[in-house]
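A.B. asks: Quick one, input.cif (mmCIF, C-alpha atoms and all ligand atoms; chains and numbers go by the auth columns):
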```cif
data_data
loop_
_atom_site.group_PDB
_atom_site.id
_atom_site.type_symbol
_atom_site.label_atom_id
_atom_site.label_comp_id
_atom_site.label_asym_id
_atom_site.label_seq_id
_atom_site.Cartn_x
_atom_site.Cartn_y
_atom_site.Cartn_z
_atom_site.B_iso_or_equiv
_atom_site.auth_seq_id
_atom_site.auth_asym_id
ATOM 1 C CA MET A 1 183.460 113.797 -3.243 0.00 1 G
ATOM 2 C CA ARG A 2 185.038 117.010 -2.033 0.00 2 G
ATOM 3 C CA LYS A 3 188.260 116.338 -0.179 0.00 3 G
ATOM 4 C CA GLU A 4 187.421 118.534 2.826 0.00 4 G
ATOM 5 C CA LEU A 5 184.143 116.672 3.339 0.00 5 G
ATOM 6 C CA SER A 6 185.838 113.309 3.079 0.00 6 G
ATOM 7 C CA ASP A 7 188.548 114.357 5.572 0.00 7 G
ATOM 8 C CA ALA A 8 185.949 115.676 7.993 0.00 8 G
ATOM 9 C CA CYS A 9 183.975 112.433 7.810 0.00 9 G
ATOM 10 C CA GLN A 10 187.054 110.318 8.318 0.00 10 G
ATOM 11 C CA LYS A 11 187.696 112.238 11.520 0.00 11 G
ATOM 12 C CA LEU A 12 184.129 111.593 12.643 0.00 12 G
ATOM 13 C CA LYS A 13 184.432 107.972 11.469 0.00 13 G
ATOM 14 C CA ILE A 14 181.286 108.312 9.397 0.00 14 G
ATOM 15 C CA PRO A 15 181.489 106.238 6.228 0.00 15 G
ATOM 16 C CA VAL A 16 180.431 108.389 3.330 0.00 16 G
ATOM 17 C CA GLY A 17 179.213 106.931 0.083 0.00 17 G
ATOM 18 C CA GLU A 18 178.713 108.515 -3.253 0.00 18 G
ATOM 19 C CA PRO A 19 175.065 108.414 -4.346 0.00 19 G
ATOM 20 C CA ASN A 20 174.032 104.775 -4.925 0.00 20 G
ATOM 21 C CA GLN A 21 177.192 103.471 -3.344 0.00 21 G
ATOM 22 C CA ASN A 22 177.101 100.953 -0.510 0.00 22 G
ATOM 23 C CA LEU A 23 177.283 102.414 2.955 0.00 23 G
ATOM 24 C CA TYR A 24 178.618 99.130 4.285 0.00 24 G
ATOM 25 C CA ASN A 25 179.399 95.771 2.776 0.00 25 G
ATOM 26 C CA GLY A 26 181.096 93.110 4.826 0.00 26 G
ATOM 27 C CA SER A 27 181.040 89.445 5.809 0.00 27 G
ATOM 28 C CA PHE A 28 181.363 87.478 9.021 0.00 28 G
ATOM 29 C CA THR A 29 181.657 83.787 9.795 0.00 29 G
ATOM 30 C CA ILE A 30 179.884 81.748 12.454 0.00 30 G
ATOM 31 C CA GLU A 31 181.173 78.442 13.786 0.00 31 G
ATOM 32 C CA GLY A 32 178.535 75.816 14.515 0.00 32 G
ATOM 33 C CA GLY A 33 178.581 74.413 18.052 0.00 33 G
ATOM 34 C CA ASN A 34 180.678 77.255 19.448 0.00 34 G
ATOM 35 C CA PHE A 35 178.341 78.629 22.111 0.00 35 G
ATOM 36 C CA ASN A 36 181.200 80.600 23.702 0.00 36 G
ATOM 37 C CA CYS A 37 181.225 82.924 20.709 0.00 37 G
ATOM 38 C CA ALA A 38 177.467 82.908 20.067 0.00 38 G
ATOM 39 C CA GLY A 39 176.244 86.469 19.720 0.00 39 G
ATOM 40 C CA ILE A 40 179.507 88.040 18.549 0.00 40 G
ATOM 41 C CA VAL A 41 178.386 88.491 14.939 0.00 41 G
ATOM 42 C CA SER A 42 175.035 90.057 15.866 0.00 42 G
ATOM 43 C CA THR A 43 176.782 92.352 18.353 0.00 43 G
ATOM 44 C CA SER A 44 179.200 93.461 15.611 0.00 44 G
ATOM 45 C CA ILE A 45 176.314 94.077 13.226 0.00 45 G
ATOM 46 C CA LYS A 46 174.547 96.145 15.881 0.00 46 G
ATOM 47 C CA SER A 47 177.605 98.305 16.481 0.00 47 G
ATOM 48 C CA ILE A 48 178.258 98.828 12.739 0.00 48 G
ATOM 49 C CA LEU A 49 174.659 99.966 12.223 0.00 49 G
ATOM 50 C CA GLN A 50 174.847 102.303 15.216 0.00 50 G
ATOM 51 C CA LYS A 51 178.029 103.869 13.812 0.00 51 G
ATOM 52 C CA LEU A 52 176.313 104.319 10.459 0.00 52 G
ATOM 53 C CA GLY A 53 173.596 106.326 12.207 0.00 53 G
ATOM 54 C CA ILE A 54 170.754 103.877 11.520 0.00 54 G
ATOM 55 C CA PRO A 55 167.787 104.759 13.813 0.00 55 G
ATOM 56 C CA GLY A 56 167.765 102.865 17.123 0.00 56 G
ATOM 57 C CA ASP A 57 164.503 100.989 16.587 0.00 57 G
ATOM 58 C CA LEU A 58 165.814 99.634 13.261 0.00 58 G
ATOM 59 C CA VAL A 59 169.188 98.716 14.777 0.00 59 G
ATOM 60 C CA ARG A 60 167.234 96.755 17.399 0.00 60 G
ATOM 61 C CA LYS A 61 165.288 94.886 14.704 0.00 61 G
ATOM 62 C CA ALA A 62 168.508 94.028 12.870 0.00 62 G
ATOM 63 C CA ALA A 63 170.118 92.905 16.135 0.00 63 G
ATOM 64 C CA ILE A 64 167.176 90.605 16.935 0.00 64 G
ATOM 65 C CA VAL A 65 167.040 88.958 13.508 0.00 65 G
ATOM 66 C CA SER A 66 170.807 88.495 13.284 0.00 66 G
ATOM 67 C CA TYR A 67 171.025 87.154 16.845 0.00 67 G
ATOM 68 C CA GLU A 68 168.288 84.557 16.268 0.00 68 G
ATOM 69 C CA ALA A 69 169.874 83.484 12.985 0.00 69 G
ATOM 70 C CA GLU A 70 173.308 83.295 14.622 0.00 70 G
ATOM 71 C CA ILE A 71 172.021 81.158 17.528 0.00 71 G
ATOM 72 C CA ASN A 72 170.388 78.813 15.025 0.00 72 G
ATOM 73 C CA VAL A 73 173.669 78.363 13.158 0.00 73 G
ATOM 74 C CA VAL A 74 175.539 77.699 16.414 0.00 74 G
ATOM 75 C CA SER A 75 172.794 75.293 17.567 0.00 75 G
ATOM 76 C CA TYR A 76 172.065 73.348 14.382 0.00 76 G
ATOM 77 C CA ALA A 77 174.573 73.979 11.583 0.00 77 G
ATOM 78 C CA LYS A 78 178.258 73.403 10.886 0.00 78 G
ATOM 79 C CA LYS A 79 179.195 76.925 9.889 0.00 79 G
ATOM 80 C CA ALA A 80 177.851 79.981 8.131 0.00 80 G
ATOM 81 C CA VAL A 81 178.751 83.138 6.307 0.00 81 G
ATOM 82 C CA VAL A 82 176.832 86.288 7.161 0.00 82 G
ATOM 83 C CA ASN A 83 176.753 89.096 4.636 0.00 83 G
ATOM 84 C CA LEU A 84 175.784 92.551 5.810 0.00 84 G
ATOM 85 C CA MET A 85 175.020 95.103 3.159 0.00 85 G
ATOM 86 C CA VAL A 86 173.738 98.536 4.080 0.00 86 G
ATOM 87 C CA VAL A 87 172.535 100.584 1.153 0.00 87 G
ATOM 88 C CA PRO A 88 170.448 103.748 1.038 0.00 88 G
ATOM 89 C CA GLY A 89 166.967 102.609 2.060 0.00 89 G
ATOM 90 C CA SER A 90 167.732 99.218 3.565 0.00 90 G
ATOM 91 C CA VAL A 91 169.811 96.963 5.756 0.00 91 G
ATOM 92 C CA ASN A 92 170.298 93.561 4.122 0.00 92 G
ATOM 93 C CA ILE A 93 171.424 90.575 6.158 0.00 93 G
ATOM 94 C CA GLU A 94 172.055 87.209 4.573 0.00 94 G
ATOM 95 C CA VAL A 95 172.969 84.048 6.494 0.00 95 G
ATOM 96 C CA ILE A 96 174.165 81.128 4.408 0.00 96 G
ATOM 97 C CA ASP A 97 174.920 78.003 6.378 0.00 97 G
ATOM 98 C CA GLU A 98 176.362 74.577 5.747 0.00 98 G
ATOM 99 C CA GLY A 99 174.367 72.135 7.782 0.00 99 G
ATOM 100 C CA PRO A 100 171.553 69.600 7.863 0.00 100 G
ATOM 101 C CA GLY A 101 168.961 71.943 6.349 0.00 101 G
ATOM 102 C CA ILE A 102 165.351 72.215 7.523 0.00 102 G
ATOM 103 C CA PRO A 103 163.085 69.365 6.372 0.00 103 G
ATOM 104 C CA ASN A 104 159.803 71.209 6.925 0.00 104 G
ATOM 105 C CA ILE A 105 160.127 74.998 6.789 0.00 105 G
ATOM 106 C CA GLU A 106 156.418 75.607 7.452 0.00 106 G
ATOM 107 C CA LEU A 107 156.646 73.630 10.688 0.00 107 G
ATOM 108 C CA ALA A 108 159.947 75.238 11.703 0.00 108 G
ATOM 109 C CA MET A 109 158.387 78.692 11.273 0.00 109 G
ATOM 110 C CA GLN A 110 155.604 77.908 13.760 0.00 110 G
ATOM 111 C CA GLU A 111 155.788 79.586 17.173 0.00 111 G
ATOM 112 C CA GLY A 112 157.095 77.191 19.795 0.00 112 G
ATOM 113 C CA TRP A 113 158.180 74.421 17.432 0.00 113 G
ATOM 114 C CA SER A 114 161.710 73.279 18.195 0.00 114 G
ATOM 115 C CA THR A 115 164.029 70.320 17.794 0.00 115 G
ATOM 116 C CA ALA A 116 166.505 71.779 20.319 0.00 116 G
ATOM 117 C CA ASP A 117 167.989 69.052 22.516 0.00 117 G
ATOM 118 C CA GLN A 118 168.424 69.068 26.290 0.00 118 G
ATOM 119 C CA ARG A 119 171.882 70.694 26.088 0.00 119 G
ATOM 120 C CA ILE A 120 170.602 73.626 24.009 0.00 120 G
ATOM 121 C CA ARG A 121 167.561 74.070 26.282 0.00 121 G
ATOM 122 C CA GLU A 122 169.753 74.094 29.393 0.00 122 G
ATOM 123 C CA MET A 123 171.629 77.050 27.883 0.00 123 G
ATOM 124 C CA GLY A 124 168.343 78.933 27.642 0.00 124 G
ATOM 125 C CA PHE A 125 167.701 78.445 23.925 0.00 125 G
ATOM 126 C CA GLY A 126 165.151 76.329 22.100 0.00 126 G
ATOM 127 C CA ALA A 127 161.922 78.234 22.777 0.00 127 G
ATOM 128 C CA GLY A 128 160.993 77.798 19.134 0.00 128 G
ATOM 129 C CA MET A 129 160.542 81.529 18.595 0.00 129 G
ATOM 130 C CA GLY A 130 163.649 82.287 16.525 0.00 130 G
ATOM 131 C CA LEU A 131 162.430 81.919 12.955 0.00 131 G
ATOM 132 C CA CYS A 132 159.005 83.474 13.592 0.00 132 G
ATOM 133 C CA ASN A 133 160.683 86.428 15.303 0.00 133 G
ATOM 134 C CA ILE A 134 163.086 86.799 12.398 0.00 134 G
ATOM 135 C CA LYS A 135 160.081 86.948 10.086 0.00 135 G
ATOM 136 C CA ASN A 136 158.168 89.374 12.321 0.00 136 G
ATOM 137 C CA TYR A 137 161.057 91.789 12.775 0.00 137 G
ATOM 138 C CA SER A 138 162.082 91.842 9.091 0.00 138 G
ATOM 139 C CA ASP A 139 160.312 93.893 6.457 0.00 139 G
ATOM 140 C CA GLU A 140 161.175 91.169 3.987 0.00 140 G
ATOM 141 C CA PHE A 141 162.177 87.619 4.840 0.00 141 G
ATOM 142 C CA HIS A 142 163.214 84.788 2.555 0.00 142 G
ATOM 143 C CA ILE A 143 164.153 81.302 3.667 0.00 143 G
ATOM 144 C CA SER A 144 165.265 78.350 1.615 0.00 144 G
ATOM 145 C CA SER A 145 166.853 75.114 2.662 0.00 145 G
ATOM 146 C CA GLU A 146 168.278 71.991 1.127 0.00 146 G
ATOM 147 C CA ILE A 147 168.443 68.786 3.154 0.00 147 G
ATOM 148 C CA GLY A 148 172.028 67.741 3.830 0.00 148 G
ATOM 149 C CA LYS A 149 173.383 70.996 2.405 0.00 149 G
ATOM 150 C CA GLY A 150 172.223 73.979 4.418 0.00 150 G
ATOM 151 C CA THR A 151 169.878 76.868 4.971 0.00 151 G
ATOM 152 C CA HIS A 152 169.797 80.322 3.442 0.00 152 G
ATOM 153 C CA LEU A 153 168.106 83.257 5.160 0.00 153 G
ATOM 154 C CA LYS A 154 167.679 86.718 3.752 0.00 154 G
ATOM 155 C CA MET A 155 166.361 89.547 5.886 0.00 155 G
ATOM 156 C CA ILE A 156 165.692 93.087 4.728 0.00 156 G
ATOM 157 C CA ILE A 157 164.971 95.979 7.078 0.00 157 G
ATOM 158 C CA GLN A 158 163.910 99.200 5.446 0.00 158 G
ATOM 159 C CA THR A 159 165.560 102.439 6.543 0.00 159 G
ATOM 160 C CA PRO A 160 164.442 106.028 6.002 0.00 160 G
HETATM 161 N N1 LIG B . 170.059 76.990 10.420 0.00 201 G
HETATM 162 C C1 LIG B . 169.320 75.918 10.725 0.00 201 G
HETATM 163 N N2 LIG B . 169.706 74.679 10.318 0.00 201 G
HETATM 164 C C2 LIG B . 168.973 73.599 10.609 0.00 201 G
HETATM 165 N N3 LIG B . 167.824 73.635 11.300 0.00 201 G
HETATM 166 C C3 LIG B . 167.374 74.824 11.729 0.00 201 G
HETATM 167 C C4 LIG B . 168.109 76.019 11.469 0.00 201 G
HETATM 168 N N4 LIG B . 167.422 77.054 11.995 0.00 201 G
HETATM 169 C C5 LIG B . 166.322 76.525 12.553 0.00 201 G
HETATM 170 N N5 LIG B . 166.292 75.187 12.409 0.00 201 G
HETATM 171 C C6 LIG B . 165.205 74.270 12.824 0.00 201 G
HETATM 172 O O1 LIG B . 164.015 75.031 13.003 0.00 201 G
HETATM 173 C C7 LIG B . 163.538 74.904 14.353 0.00 201 G
HETATM 174 C C8 LIG B . 162.912 76.213 14.797 0.00 201 G
HETATM 175 O O2 LIG B . 163.903 77.227 14.883 0.00 201 G
HETATM 176 P P1 LIG B . 163.653 78.473 15.826 0.00 201 G
HETATM 177 O O3 LIG B . 162.347 79.069 15.454 0.00 201 G
HETATM 178 O O4 LIG B . 164.839 79.351 15.788 0.00 201 G
HETATM 179 O O5 LIG B . 163.479 77.841 17.273 0.00 201 G
HETATM 180 P P2 LIG B . 164.555 77.144 18.220 0.00 201 G
HETATM 181 O O6 LIG B . 165.927 77.471 17.700 0.00 201 G
HETATM 182 O O7 LIG B . 164.286 77.754 19.539 0.00 201 G
HETATM 183 O O8 LIG B . 164.265 75.674 18.153 0.00 201 G
HETATM 184 C C9 LIG B . 164.759 74.488 15.145 0.00 201 G
HETATM 185 O O9 LIG B . 164.406 73.797 16.329 0.00 201 G
HETATM 186 C C10 LIG B . 165.474 73.573 14.148 0.00 201 G
HETATM 187 O O10 LIG B . 164.872 72.318 14.088 0.00 201 G
HETATM 188 MG MG MG B . 166.387 79.442 17.241 0.00 202 G
#
```
Represent the structure of the file as structure tokens.
C.D. replies:
Amino acid sequence: MRKELSDACQKLKIPVGEPNQNLYNGSFTIEGGNFNCAGIVSTSIKSILQKLGIPGDLVRKAAIVSYEAEINVVSYAKKAVVNLMVVPGSVNIEVIDEGPGIPNIELAMQEGWSTADQRIREMGFGAGMGLCNIKNYSDEFHISSEIGKGTHLKMIIQTP
């Protein structure tokens, strides 16, 4: 890349990639049970995407799916790694948790189905809409889970 262009972009804090290079590639961790910090990862993802110039409606979709996934990790799992990869054409968010896993994914995906306990419900979570919203707001959604090991979500949001 031409040096002047790269200098100018650094000043504007716009990450510039060579063709086919990643625009952003980074990881975050989520601690299960830590409701005080719940939402921090999805807020960071939202602000990274805004800085990258991703259109607002797509940033909102990414914020919704990452928030729901984050709340699920905090509510049900031990910990998770979140990988955010922004490439030309898509935002890719992967959430890999260590936790109990989901015994019946089909049931868990149903609107309103929840195993959230009283404590989680008192905090305003547990409406049973998280996974179905993640699916609805993603262009591509993959979920797999292993009992006693954890759950793996992959969400793709297409960008212009
Ligand atoms: N990461 C996860 N690990 C274990 N169980 C999960 C996880 N995410 C979701 N679940 C299970 O799937 C159910 C539905 O999740 P969701 O649609 O987000 O609704 P809610 O969190 O409001 O219960 C949860 O109640 C829980 O039983
Ligand atoms: Mg949920």
A.B. asks: Tell me, in Å to one decimal, how far CA of Ile30 (chain G) is from CA of Gly112 (chain G).
C.D. replies: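 The value is 24.4 Å.
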A.B. asks: Give me the residues within 10 Å of Val82 (chain G) as a list in words, counting only C-alpha atoms and dropping any in the same chain fewer than 5 places off.
C.D. replies: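 Skipping anything fewer than 5 positions along the chain leaves Gly26, Ser27, Phe28, Thr29, Ile30, Val41, Ser42, Ile45, Ser66, Ala69, Glu70, Ile93, Glu94, Val95, Ile96, Asp97, His152, Leu153 and Lys154 of chain G.
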A.B. asks: Step by step, work through what the PyMOL selection byres (((chain G and resi 144-147) around 8) and not hetatm) selects in the shown file, and finish by giving those residues as an MDAnalysis selection string.
C.D. replies: chainID G and resid 100:103 105 142:143 148:153
A.B. asks: What does the file look like for those residues with C-alpha atoms, as a PDB file, in the frame of the given file?
C.D. replies:
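The result, stored in out18.pdb:
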```pdb
ATOM      1  CA  PRO G 100     171.553  69.600   7.863  1.00  0.00           C
ATOM      2  CA  GLY G 101     168.961  71.943   6.349  1.00  0.00           C
ATOM      3  CA  ILE G 102     165.351  72.215   7.523  1.00  0.00           C
ATOM      4  CA  PRO G 103     163.085  69.365   6.372  1.00  0.00           C
ATOM      5  CA  ILE G 105     160.127  74.998   6.789  1.00  0.00           C
ATOM      6  CA  HIS G 142     163.214  84.788   2.555  1.00  0.00           C
ATOM      7  CA  ILE G 143     164.153  81.302   3.667  1.00  0.00           C
ATOM      8  CA  GLY G 148     172.028  67.741   3.830  1.00  0.00           C
ATOM      9  CA  LYS G 149     173.383  70.996   2.405  1.00  0.00           C
ATOM     10  CA  GLY G 150     172.223  73.979   4.418  1.00  0.00           C
ATOM     11  CA  THR G 151     169.878  76.868   4.971  1.00  0.00           C
ATOM     12  CA  HIS G 152     169.797  80.322   3.442  1.00  0.00           C
ATOM     13  CA  LEU G 153     168.106  83.257   5.160  1.00  0.00           C
TER      14      LEU G 153
END
```
A.B. asks: Kindly work out which residues sit at most 12 Å from ligand MG 202 (chain G), using all atoms listed in the file, and give the list as a count of residues only.
C.D. replies: 38
A.B. asks: I need the residue nearest ligand LIG 201 (chain G) from this list: G:Val86, G:Ala63, G:Leu58, G:Val81. Use only C-alpha atoms and all ligand atoms for the distance.
C.D. replies: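 Nearest candidate to ligand LIG 201 (chain G) out of G:Val86, G:Ala63, G:Leu58, G:Val81: G:Val81.
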A.B. asks: Quick one: what's the axis-aligned box for ligand LIG 201 (chain G), all listed atoms, 8 Å on every side, centre and edges in Å to one decimal, as lines of an AutoDock Vina configuration file?
C.D. replies:
```
center_x = 166.2
center_y = 75.8
center_z = 14.9
size_x = 23.7
size_y = 23.0
size_z = 25.2
```
A.B. asks: Would you work out the distance separating atom O9 of ligand LIG 201 (chain G) from CA of Leu49 (chain G), expressed in Å to one decimal?
C.D. replies: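 We find that atom O9 of ligand LIG 201 (chain G) and CA of Leu49 (chain G) lie 28.4 Å from each other.
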A.B. asks: How many Å lie between atom O1 of ligand LIG 201 (chain G) and CA of Ile48 (chain G), rounded to one decimal?
C.D. replies: 27.7 Å
A.B. asks: Which one is closest to ligand LIG 201 (chain G): G:Ile157, G:Tyr137, G:Ala80, G:Arg119? Count all atoms listed in the file.
C.D. replies: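 For ligand LIG 201 (chain G), the nearest of the given residues is G:Ala80.
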A.B. asks: Out of G:Leu23, G:Ile156, G:Leu107, G:Cys37, which residue has the shortest atom-to-atom distance to Val91 (chain G) when counting all atoms listed in the file?
C.D. replies: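 The shortest atom-to-atom distance to Val91 (chain G) comes from G:Ile156.
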A.B. asks: Pick from G:Lys78, G:Pro55, G:Glu122, G:Phe35: nearest to ligand LIG 201 (chain G), with all atoms listed in the file counted?
C.D. replies: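 Nearest candidate to ligand LIG 201 (chain G) out of G:Lys78, G:Pro55, G:Glu122, G:Phe35: G:Lys78.
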A.B. asks: Under the rule that only C-alpha atoms and all ligand atoms are counted, which of G:Thr159, G:Asn83, G:Asn136, G:Thr43 is the nearest residue to ligand LIG 201 (chain G)?
C.D. replies: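 Closest to ligand LIG 201 (chain G), using only C-alpha atoms and all ligand atoms: G:Asn136.
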A.B. asks: Check the smallest atom-to-atom distance from each of G:Asn34, G:Asn104, G:Ser90, G:Ser138 to Arg60 (chain G) using only C-alpha atoms, then report the winner.
C.D. replies: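 Answer, going by the shortest atom-to-atom distance: G:Ser138.
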